[in-house]
Structure formats: C-alpha cells, structure tokens
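Structure, as structure tokens:
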Amino acid sequence: MSDSKLDQIINDTEDSSQGNLLSFLQPKNWKINLMAPREAKRKVEKSMQKAQDTINKARFISRDLSWLKFDERVLDQARDSEKSLFDRLKFLAITASNLDEFFTIRIGSLYNYIDFGKERTDYSGLREVPFKQTLISSAQEFSQEKHRLFIEEILPLFPENGLMLANLDDLTPDELADAEAYFHRTIYPMLTPMVFDHTHTFPSLLAKTLIFGVVTVGFADKKNAKGKYEKDRKISFVQIPLNLTRLYVIERDDKVLFLPIEQIIQHYLQVLYRNVEIESTTLFRITRNGDFDVVEHEDTETDFVDEIKKKIKDRRLGRVTRVEVEENHSDFLLGEMLKRWTLEKSDIFIKKSILDFTAFWQILKHPEFKTKLAANHAVVPPLGLKSVKISDIFDTMKRGDILLHHPYNNFEPVIQLLEQAAEDSQVLAIKITLYRISKNSRIASALLRAAENGKHVSVLFEVKARFDEENNIREATRLQKAGCFVIYGIPGLKTHTKLLQVIRNEGSHVMSYAHLSSGNYNEDTAKLYTDLGLLTTDSRITQDISEFFNVITGHSMPTHYEHLITAPRDMRNRLIEMIEEEVENHKQGIPAGICWKINSLQDLDTMEALYKASKAGVPVLLIIRGICCIRPQRPGLSENIFIKSIVGNYLEHTRLYYFHRGGEAKVYGGSADVMVRSFDRRIESLFEMVNPRAKNMAITILDWNLRDTVNSYEMQEDGNYWKVESSEPFNIHEAFYQIAEEDLIEQLTFEKYTVNLAQTEN
C-alpha cells in the first residue's frame, strides 16, 4: 500500500458515535493490570484511550479487530442456552482454534514488522506497537470472557448430561490405580525432560502443545547479593506428546469422566527427577508466528515442494507470539521465558480452567456423545431434480444447469461426476483445481482411477493452502505417481478458484461438462459449510473455463471472457466498473442497488467505490460473515450501506455478487472475497448465473439471507454488532430445506431492507 493511501486512512477521518452493543472486547490494558505501578497504569490507560479515539475516527475498520469481533459472534453461539451442552462445547472449541490462528497469522504478521523495525499503519490509523497493544488487550478480554462462560455457565451442565471434567481427587482407588498404571505403561516412556542451563541450550518447544515447565533446586552452594547462600535453580521442560489423547477417559455406569492428562503427568512427574527437589511445575502452551511468505521462483532448478516443506519447518520454530499458562504458575519460570522470547507480560494469558478448549473435540467424538450434536436435516434435491439420487450424471447435466446449495443439497453429484468420468470409456480428459481436500478423499481416489484407466488427468494442486500444505503435498505426490499431470501452484500466486471440467466424446461431437463452485472439493466440509456449486454443459461457460485452464496451466492470455471474471487480471476493476454502473443508473433515475454475500471485505479501492455509491444514493446491502473493514451508516459517508453477518450452525462460505441494473440483474458466484490477496495474489474466478432458474435461486438465497432473524448480527457504525431479534423468527439454516420453485424471485426489493438514517433522525 502506498504512503499516500496510508496517509489518507489516517487523516481523512470523521467523528464516530459509539454503538450500544455490549462488547466483551473493549480495550483494557492487561500489561498494566498485571504488572505496572499506578502511575504507569494511568499513562498507559491514557495512551489506550488515545488509540481508541483514533480507531473511532478512522475511515475504515481494522481487519484484525474485525476478526476478533467475528470470534465474539462465534462465542455468542456458546452463550445460547437454547443450544445443547455439546453444541455449546463445539463453539467453545471453534473459538479456541480461531484464536490460535489469530495469534499464529495476524499477530505473527505484526511481529514481522515489529521485530525487524519495519513501519506499518493499520486501517484504523494505529502504528504497529500501539496497534499490537490494542489487539492484545482485546484478545485478553475475549479470553477472560470465554473462560468465565465455561466455568460459570457451561461446566455446571456436565453432570446432568452424563459427564464430568474430573480431577484426580474424583477418582476411586481402583480408578486411580488404573490411571497410575496407564502413566507408567504408556505415558512415562514417551516423556523426555529437556534441561536449560549453562551447558544446555534452550530447547525448541513445539507450538500448540501442552508443556510442563519444571523448576528444580540443588544444594545451597551459591551466595546472593546479600551474602546469603541460596539454592541453585534449574529449568527443564516436559512436552506432552501430541499422539496421546488429551483426556483420560473413565466410564462409569452413570457417567463418563474426562480427566485432563496433564493432571496424571503432574502427579507422577517426580519419577522423571529422581533424587532432585522440584520447586514448581507450571503447565503452559505457546503459539508461534506462522505467517510466512513462500518465495516462489521461475528457476526450474528450484524444487518448489522442498521449499514448501522448509517453510512448514520454519513455522514450527517461528517466534513466540503468545503464552497461555495456568493460574498457579512459577513467576521465576515465567520471567525467564519472557526474557528468552522477548515478550511482555501482557502477552501472557492466564487461564483459570482447562488450558486448551480444543480438547472438547474429544468429548464430542466420544461414542456416548457423538450423536448429541445438533443433527443436519436429510439433504433435499436441488431445484429442478425430483430425487437426491442421480442415475446418470451426464444425461442429467445435458438436460439443464443444476445449482447445488450445500449443505442443503448433497455434494454427491460432484463426486458422481468424477467417479462416473473415471470409469466412462468415452471420457477423454479431466481438469480440476484442488485447494483443500478431505482425508481419504473420494475426489482424489476418483482422479487416481481415471489416470489408471488412461484418461488425461490435469490437476492444479495448490500446495500453499495454509495449514494443509503437508496433506496436499502427500496427495499431489500420489496423483503424480499414478500418472496425473500435476501442477504445484503458479509462481507468485495462490490458486484458490474451484473449477472442474470433464471432456467427453459424444460420437458426433466432443462435449464439456463443468462444475464451478465457491467451496472446496471436500466432501467433509460440504456437510458443514454453505456453498454454491454450478453443474453445467452450457458452452458459453465451458468455453470460458477451457480458456481459463489454458491460462493457469500454460501461457495463454485471452483478452475477454464471456461469463467469467478472473483474478489477478481484472476482478477488482470489473467489480468497481459494475458499482459505477449502478451509480450512473441511479443518477439517471434507473432503479439501482448492490447486494453481496461474501466472507471478507478488505480491499481499499473497492471499499472507496462502495462509499461513493452510498454517497450517490445507491443502496448497498452487504452480508459479510467475517472480516469487514468498511463502516456502515456513517453520516456523510455511508448512510446507504447496511451490513449484517450470519453466524450459526453452518459456516457461511457462499460468495454471491448482485447488481440490480434496472431490474435486469447480473449475479455472479464464485470463490473470491473482496480482499487484496484475492485480487492481486490469487488465481480466482467469479461465474455469471446465466441459467434463469440458477440465477433466480441465487437471488432468492440473497433475499432469504437478508430476511434471516435467527442467525443474524447487524453491524454498527463503530464496528460493533447487535444480535437481531424478532417476534417472527426466520432461520435460513432451516428454511432452505423447504425451498420450492414458487419461492424463487427474479430481483431484490431494496426498500424492504434499507432505512435511511437521515429520515430516522428527523
């Protein structure tokens, strides 16, 4: 980003009024609350207030603060007393994973600037150090609320649901004997104490692993500054192996006990330190910087896969960004670790309950409780089909486009297309882009069979998909060995588009069968994420796909696509052009409006175009699940921008872009969000809905998302969110299972969902 744009973000600001949403993320300086004297506390609080004032006045909202606001909405699901205990535990576990990723990637990225003395100004107008303080403060507040919720509201529900989070004191003598035997038989041989002293270097501790810091003492053979003898302290570390189950399970007739394994280890830890006095044991967990840029080369001698593997190792040893520690800890140990990792005390997160809430996944997968989570409805056929089962996918696709809306519609037709193609003697070739696939993927298996059966199989396998690199490299290697033509990504870009093409000899002609999607080729996440996938044989679209595959697998550079918008070439410009067309239509008295459903909104140029549209009077309705950096309903800037977020039992992953165009709407679906990375650093595609039923279905999906009152949060001008409540609840996660042809609409009615602030104030 240029300096001029950064200056604009800082200087081009307006007054901001505070919203009324009770936020658990209001900044309080934890560094001071934990450590500093009163005078320093007042100075820091003044500094924090100044930072908050800067944030409130900024033209845009911080990406990272917006991320934390999304986590707050996820945590709100765990607050919902109408949900079962097990669903509430699921959302607590999700918030833990989300916060891990936040410190791995976003705080890690910030440390890349701080550690190397690089300057960075956030959208909020804050420089790197005060911005980090603001983020840590918000994360501390969030973490405290999460643990309060668990201890006070969720943990008391365990007994009535047949389970207990146990302590050693809760065990009978026989159960304790079994636990001791388990320690000596299984755990003890796996533990390795690693000492740190003047003869041993500081060990490389793993991120997101439970670790005991053990302080031992020797003989009183050293004099301190006062001339008195003091004991020689040594620090050592014991990592709990990741392949041990997190909770030790005891099954009684009336309940199941889950005993955190660290309690067993701590109780018997002395056996690792024979004839040595243990002064203290402290359980902690660290997060490391995992934000690395893969430097890609055109040089054919550079082994791209080896480079990825090296970066994965770098992530495991990246700088420490957070320390989580139990309440009863050694201050001496903590002080030594802070010095070693160049951290402040505000970077320490003290936990009053179980250290890592991702442990709850083990409870949720236990045979006694895995059926207790809210079950999905049975899938329904996509509109236009009478049954969820398709006898011949090729014949069905030739009869017309099929718009799949997951998870309400089955993902099976996509798998069937590949599996049938793998065995069909008339199929000549298969082309596909893969980003994240499931373990034991049927998609990968079908591609393997196709290659073995002599089909020409081209796979653009994006090995840079964050946190899935190792699985992707392993699967890509398998495909390559089977004879598939595998491309390991494109130099300088990440392939995020979701495209599949099957080329089939129909006798008199060759036909192309295609699938375009917002979601990954992953049969597991298709049951949990809302996504759109279009199955089509429309030559207008399949020709575009053929051209695009030639771009991403070769060196073709077409000047025009009929119904695709692609990145990095022209997606930003095309979206801005269509925004400007709506502005021009509005000026000429032609009905205009914009409605997008996306995951994230962060691109500066596009947000400026939306501000201009709002100022011109164009209604802008945005359904944004997560990160949102634009301010809605700010007087003089964005009165006509209205934003809601939908967070519920399914993860909203669909992307749809609607432009009203005087009632002759254009609608695009696809894989891209409105992010700088999507437009400049990724291969992305948006596809136009040209089939009337598919187009009307997409418009209806937008309309029903706007109608939802059960899973919806309305974004306020200050960046906070209000939970929507209604006496007439409308839940899209239920309603889409009942959708029928007669429910479809041809255009959005913007007046139903917009309220002009100026009118309300008058």
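Labels used: A, B, ... for chains in the order of the structure tokens, numbers from 1 for residues in each chain, and numbers from 1 for ligands as shown.
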Please list as a compact mmCIF listing (two decimals) with N, CA and C atoms, in the first residue's frame every residue within 12 Å of Val710 in chain A, counting only C-alpha atoms and excluding residues in the same chain fewer than 4 positions away.
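Result file is selection-v3.txt:
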# COMPACT_ATOMS: atom_id res chain seq x y z
N GLN A 77 -22.58 -17.98 20.14
CA GLN A 77 -23.29 -19.25 19.94
C GLN A 77 -23.16 -20.13 21.18
N ASP A 80 -25.65 -19.34 23.97
CA ASP A 80 -27.07 -19.61 23.70
C ASP A 80 -27.56 -20.79 24.53
N SER A 645 -24.10 -9.86 9.45
CA SER A 645 -23.27 -11.06 9.49
C SER A 645 -24.15 -12.21 9.95
N ILE A 646 -24.00 -13.36 9.30
CA ILE A 646 -24.77 -14.54 9.69
C ILE A 646 -23.81 -15.57 10.26
N VAL A 647 -24.05 -15.93 11.53
CA VAL A 647 -23.23 -16.92 12.22
C VAL A 647 -24.17 -17.88 12.92
N GLY A 648 -24.07 -19.15 12.60
CA GLY A 648 -24.96 -20.14 13.19
C GLY A 648 -24.37 -21.53 13.08
N ASN A 649 -25.24 -22.51 12.95
CA ASN A 649 -24.80 -23.91 12.95
C ASN A 649 -23.95 -24.26 11.73
N TRP A 704 -33.27 -14.36 1.22
CA TRP A 704 -33.53 -15.06 2.47
C TRP A 704 -32.44 -14.79 3.50
N ASN A 705 -31.21 -14.60 3.05
CA ASN A 705 -30.15 -14.19 3.98
C ASN A 705 -30.47 -12.85 4.61
N LEU A 706 -31.01 -11.93 3.81
CA LEU A 706 -31.40 -10.62 4.34
C LEU A 706 -32.58 -10.75 5.30
N GLU A 714 -26.33 -7.35 13.15
CA GLU A 714 -26.22 -6.14 12.35
C GLU A 714 -25.01 -5.33 12.79
N LYS A 723 -27.11 -8.29 17.97
CA LYS A 723 -27.84 -9.51 17.61
C LYS A 723 -29.26 -9.13 17.22
N VAL A 724 -29.69 -9.64 16.07
CA VAL A 724 -31.04 -9.37 15.59
C VAL A 724 -32.03 -10.24 16.36
N GLU A 725 -33.10 -9.63 16.82
CA GLU A 725 -34.16 -10.37 17.49
C GLU A 725 -35.49 -10.03 16.84
N SER A 726 -36.38 -10.99 16.78
CA SER A 726 -37.65 -10.76 16.12
C SER A 726 -38.72 -11.66 16.74
N SER A 727 -39.94 -11.14 16.78
CA SER A 727 -41.07 -11.94 17.26
C SER A 727 -41.50 -12.95 16.21
N GLU A 728 -41.02 -12.78 14.97
CA GLU A 728 -41.34 -13.71 13.89
C GLU A 728 -40.01 -14.26 13.33
N PRO A 729 -39.45 -15.26 14.01
CA PRO A 729 -38.13 -15.76 13.61
C PRO A 729 -38.14 -16.40 12.23
N PHE A 730 -37.08 -16.12 11.48
CA PHE A 730 -36.87 -16.75 10.17
C PHE A 730 -35.44 -17.27 10.15
N ASN A 731 -35.29 -18.59 10.09
CA ASN A 731 -33.99 -19.24 10.22
C ASN A 731 -33.62 -19.86 8.87
N ILE A 732 -32.65 -19.27 8.18
CA ILE A 732 -32.28 -19.80 6.86
C ILE A 732 -31.70 -21.20 6.95
N HIS A 733 -31.09 -21.55 8.07
CA HIS A 733 -30.50 -22.88 8.20
C HIS A 733 -31.56 -23.96 8.33
N GLU A 734 -32.79 -23.56 8.52
CA GLU A 734 -33.94 -24.47 8.46
C GLU A 734 -34.72 -24.28 7.16
N ALA A 735 -34.90 -23.02 6.76
CA ALA A 735 -35.80 -22.71 5.65
C ALA A 735 -35.33 -23.28 4.32
- [ ] Report the residues of range 65-289 of chain A whose backbone DSSP state falls under alpha helix (DSSP H), written as an NGL selection string.
- [x] :A and (65-79 or 85-101 or 107-115 or 128-149 or 173-182 or 261-267)
Open item on the list: If we count only C-alpha atoms and set the cut-off at 7 Å, which residues sit around range 81-85 of chain A, ignoring sequence neighbours fewer than 3 positions away in its own chain? Please answer as a PyMOL selection string.
Closed with: chain A and resi 88-89+154+157
Using only C-alpha atoms, please write the residues we just selected to a file, as a compact mmCIF listing (two decimals), in the first residue's frame.
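Result saved to part03.txt:
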# COMPACT_ATOMS: atom_id res chain seq x y z
CA ARG A 88 -22.03 -25.07 23.09
CA LEU A 89 -18.81 -27.03 23.67
CA ILE A 154 -21.33 -24.47 30.79
CA LEU A 157 -24.27 -28.57 32.91
Task: Within 10 Å of Ile623 in chain A using only C-alpha atoms, minus same-chain residues under 4 positions, as a PyMOL selection string - done: chain A and resi 595-600+628+642-646+652+655-656+702+705-706+712-715
Resulting file, chosen residues, N, CA, C and O atoms, as a short mmCIF file (atom, residue, chain, number, x, y, z; two decimals), in the first residue's frame:
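Contents of result_29.cif, as written:
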data_model
loop_
_atom_site.label_atom_id
_atom_site.label_comp_id
_atom_site.auth_asym_id
_atom_site.auth_seq_id
_atom_site.Cartn_x
_atom_site.Cartn_y
_atom_site.Cartn_z
N CYS A 595 -25.95 -5.84 -3.84
CA CYS A 595 -26.05 -6.78 -2.71
C CYS A 595 -24.99 -7.86 -2.88
O CYS A 595 -24.97 -8.55 -3.90
N TRP A 596 -24.13 -7.98 -1.90
CA TRP A 596 -23.09 -9.00 -1.93
C TRP A 596 -23.18 -9.87 -0.68
O TRP A 596 -23.47 -9.39 0.41
N LYS A 597 -22.92 -11.15 -0.88
CA LYS A 597 -22.74 -12.08 0.24
C LYS A 597 -21.34 -12.67 0.11
O LYS A 597 -21.05 -13.39 -0.84
N ILE A 598 -20.46 -12.34 1.06
CA ILE A 598 -19.06 -12.74 0.99
C ILE A 598 -18.56 -13.09 2.40
O ILE A 598 -19.26 -12.87 3.40
N ASN A 599 -17.34 -13.60 2.46
CA ASN A 599 -16.73 -13.91 3.75
C ASN A 599 -16.02 -12.70 4.35
O ASN A 599 -16.06 -12.49 5.56
N SER A 600 -15.34 -11.94 3.48
CA SER A 600 -14.49 -10.85 3.98
C SER A 600 -14.48 -9.69 3.00
O SER A 600 -14.52 -9.89 1.78
N CYS A 628 -14.72 -7.37 8.12
CA CYS A 628 -15.37 -6.29 7.38
C CYS A 628 -14.71 -4.97 7.79
O CYS A 628 -14.80 -4.54 8.93
N PHE A 642 -25.58 -0.96 4.42
CA PHE A 642 -26.15 -1.74 5.51
C PHE A 642 -25.47 -3.10 5.52
O PHE A 642 -25.36 -3.75 4.49
N ILE A 643 -25.00 -3.53 6.69
CA ILE A 643 -24.18 -4.75 6.77
C ILE A 643 -24.74 -5.67 7.85
O ILE A 643 -25.05 -5.24 8.96
N LYS A 644 -24.83 -6.94 7.50
CA LYS A 644 -25.18 -7.94 8.50
C LYS A 644 -24.22 -9.12 8.37
O LYS A 644 -23.60 -9.33 7.32
N SER A 645 -24.10 -9.86 9.45
CA SER A 645 -23.27 -11.06 9.49
C SER A 645 -24.15 -12.21 9.95
O SER A 645 -24.97 -12.04 10.86
N ILE A 646 -24.00 -13.36 9.30
CA ILE A 646 -24.77 -14.54 9.69
C ILE A 646 -23.81 -15.57 10.26
O ILE A 646 -22.87 -16.00 9.59
N GLU A 652 -20.99 -19.98 7.03
CA GLU A 652 -21.38 -19.33 5.78
C GLU A 652 -20.15 -19.12 4.90
O GLU A 652 -19.23 -18.41 5.27
N ARG A 655 -20.25 -17.16 -1.80
CA ARG A 655 -19.99 -15.80 -2.31
C ARG A 655 -20.95 -15.53 -3.46
O ARG A 655 -21.01 -16.31 -4.42
N LEU A 656 -21.69 -14.44 -3.36
CA LEU A 656 -22.61 -14.00 -4.41
C LEU A 656 -22.50 -12.49 -4.58
O LEU A 656 -22.41 -11.76 -3.59
N LEU A 702 -29.90 -14.70 -1.57
CA LEU A 702 -29.58 -13.39 -1.01
C LEU A 702 -30.77 -12.82 -0.24
O LEU A 702 -30.61 -12.29 0.87
N ASN A 705 -31.21 -14.60 3.05
CA ASN A 705 -30.15 -14.19 3.98
C ASN A 705 -30.47 -12.85 4.61
O ASN A 705 -30.23 -12.62 5.80
N LEU A 706 -31.01 -11.93 3.81
CA LEU A 706 -31.40 -10.62 4.34
C LEU A 706 -32.58 -10.75 5.30
O LEU A 706 -32.69 -9.99 6.27
N SER A 712 -28.54 -13.78 12.69
CA SER A 712 -28.05 -12.52 12.12
C SER A 712 -27.59 -11.52 13.18
O SER A 712 -28.19 -11.41 14.25
N TYR A 713 -26.54 -10.79 12.81
CA TYR A 713 -25.99 -9.71 13.61
C TYR A 713 -25.84 -8.50 12.71
O TYR A 713 -25.27 -8.60 11.62
N GLU A 714 -26.33 -7.35 13.15
CA GLU A 714 -26.22 -6.14 12.35
C GLU A 714 -25.01 -5.33 12.79
O GLU A 714 -24.83 -5.05 13.98
N MET A 715 -24.21 -4.97 11.82
CA MET A 715 -23.00 -4.19 12.11
C MET A 715 -23.35 -2.73 12.30
O MET A 715 -24.13 -2.15 11.54
#
- [ ] Can you work out which one of A:Thr281, A:Ser62, A:Leu155, A:Asn161 has the shortest atom-to-atom distance to Lys255 in chain A, counting only C-alpha atoms?
- [x] A:Asn161
Task: Which residue of A:Arg73, A:Glu279, A:His496, A:Val323 approaches Trp722 in chain A most closely, using only C-alpha atoms - done: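 Closest to Trp722 in chain A of all the choices is A:Arg73.
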Open item on the list: Among range 399-520 of chain A, which ones does DSSP assign to strand (DSSP E or B) (computed from the backbone)? Answer as a count of residues only.
Closed with: 42
- [ ] May I ask which of the residues A:Ile739, A:Ala450, A:Leu651, A:Leu532 is the closest one to Leu686 in chain A, counting only C-alpha atoms?
- [x] A:Leu532
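For the pair CA of Ile503 in chain A and CA of Val388 in chain A, the separation is 24.4 Å.
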- [ ] Would you please work out which residue, of A:Arg63, A:His509, A:Arg569, A:His147, is nearest to Asp356 in chain A when using only C-alpha atoms?
- [x]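 Under the stated criterion, the closest residue is A:His147.
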Task: Given only C-alpha atoms as the counted atoms, nearest of A:Asn573, A:Thr606, A:Gln426, A:Thr495 to Asn453 in chain A - done: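 Comparing A:Asn573, A:Thr606, A:Gln426, A:Thr495 against Asn453 in chain A, the winner is A:Gln426.
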Open item on the list: What does the structure give for the distance between CA of Val215 in chain A and CA of Phe237 in chain A, in Å to one decimal?
Closed with: 8.8 Å
TODO: With a distance cut-off of 10 Å and only C-alpha atoms, select the neighbouring residues of Leu149 in chain A, excluding the residue or stretch itself and same-chain residues fewer than 5 positions from it, and output the selection as a VMD selection string.
DONE: chain A and resid 75 78 to 79 92 143 to 144 154 to 155
For the selection you just gave me, I'd like the residues written to a file as a compact mmCIF listing (two decimals), in the first residue's frame, keeping N, CA and C atoms.
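The result, written out as selection_4.txt:
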# COMPACT_ATOMS: atom_id res chain seq x y z
N LEU A 75 -18.46 -16.94 19.75
CA LEU A 75 -18.62 -17.20 21.18
C LEU A 75 -20.06 -17.01 21.62
N ALA A 78 -22.00 -20.07 21.83
CA ALA A 78 -21.79 -20.87 23.05
C ALA A 78 -22.58 -20.30 24.22
N ARG A 79 -22.96 -19.03 24.15
CA ARG A 79 -23.78 -18.43 25.22
C ARG A 79 -25.24 -18.86 25.12
N LEU A 92 -17.20 -23.41 21.69
CA LEU A 92 -16.04 -23.04 22.50
C LEU A 92 -14.76 -23.57 21.86
N SER A 143 -10.55 -13.68 25.91
CA SER A 143 -10.17 -14.93 26.54
C SER A 143 -10.76 -15.05 27.94
N GLN A 144 -10.75 -13.95 28.67
CA GLN A 144 -11.35 -13.95 30.01
C GLN A 144 -12.83 -14.29 29.97
N ILE A 154 -21.34 -23.23 31.56
CA ILE A 154 -21.33 -24.47 30.79
C ILE A 154 -20.86 -25.66 31.61
N LEU A 155 -19.80 -25.51 32.37
CA LEU A 155 -19.30 -26.61 33.19
C LEU A 155 -20.36 -27.15 34.16
Open item on the list: Could you tell me how far CA of Pro692 in chain A sits from CA of Val380 in chain A, in Å to one decimal place?
Closed with: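 For CA of Val380 in chain A relative to CA of Pro692 in chain A, the distance reads 20.5 Å.
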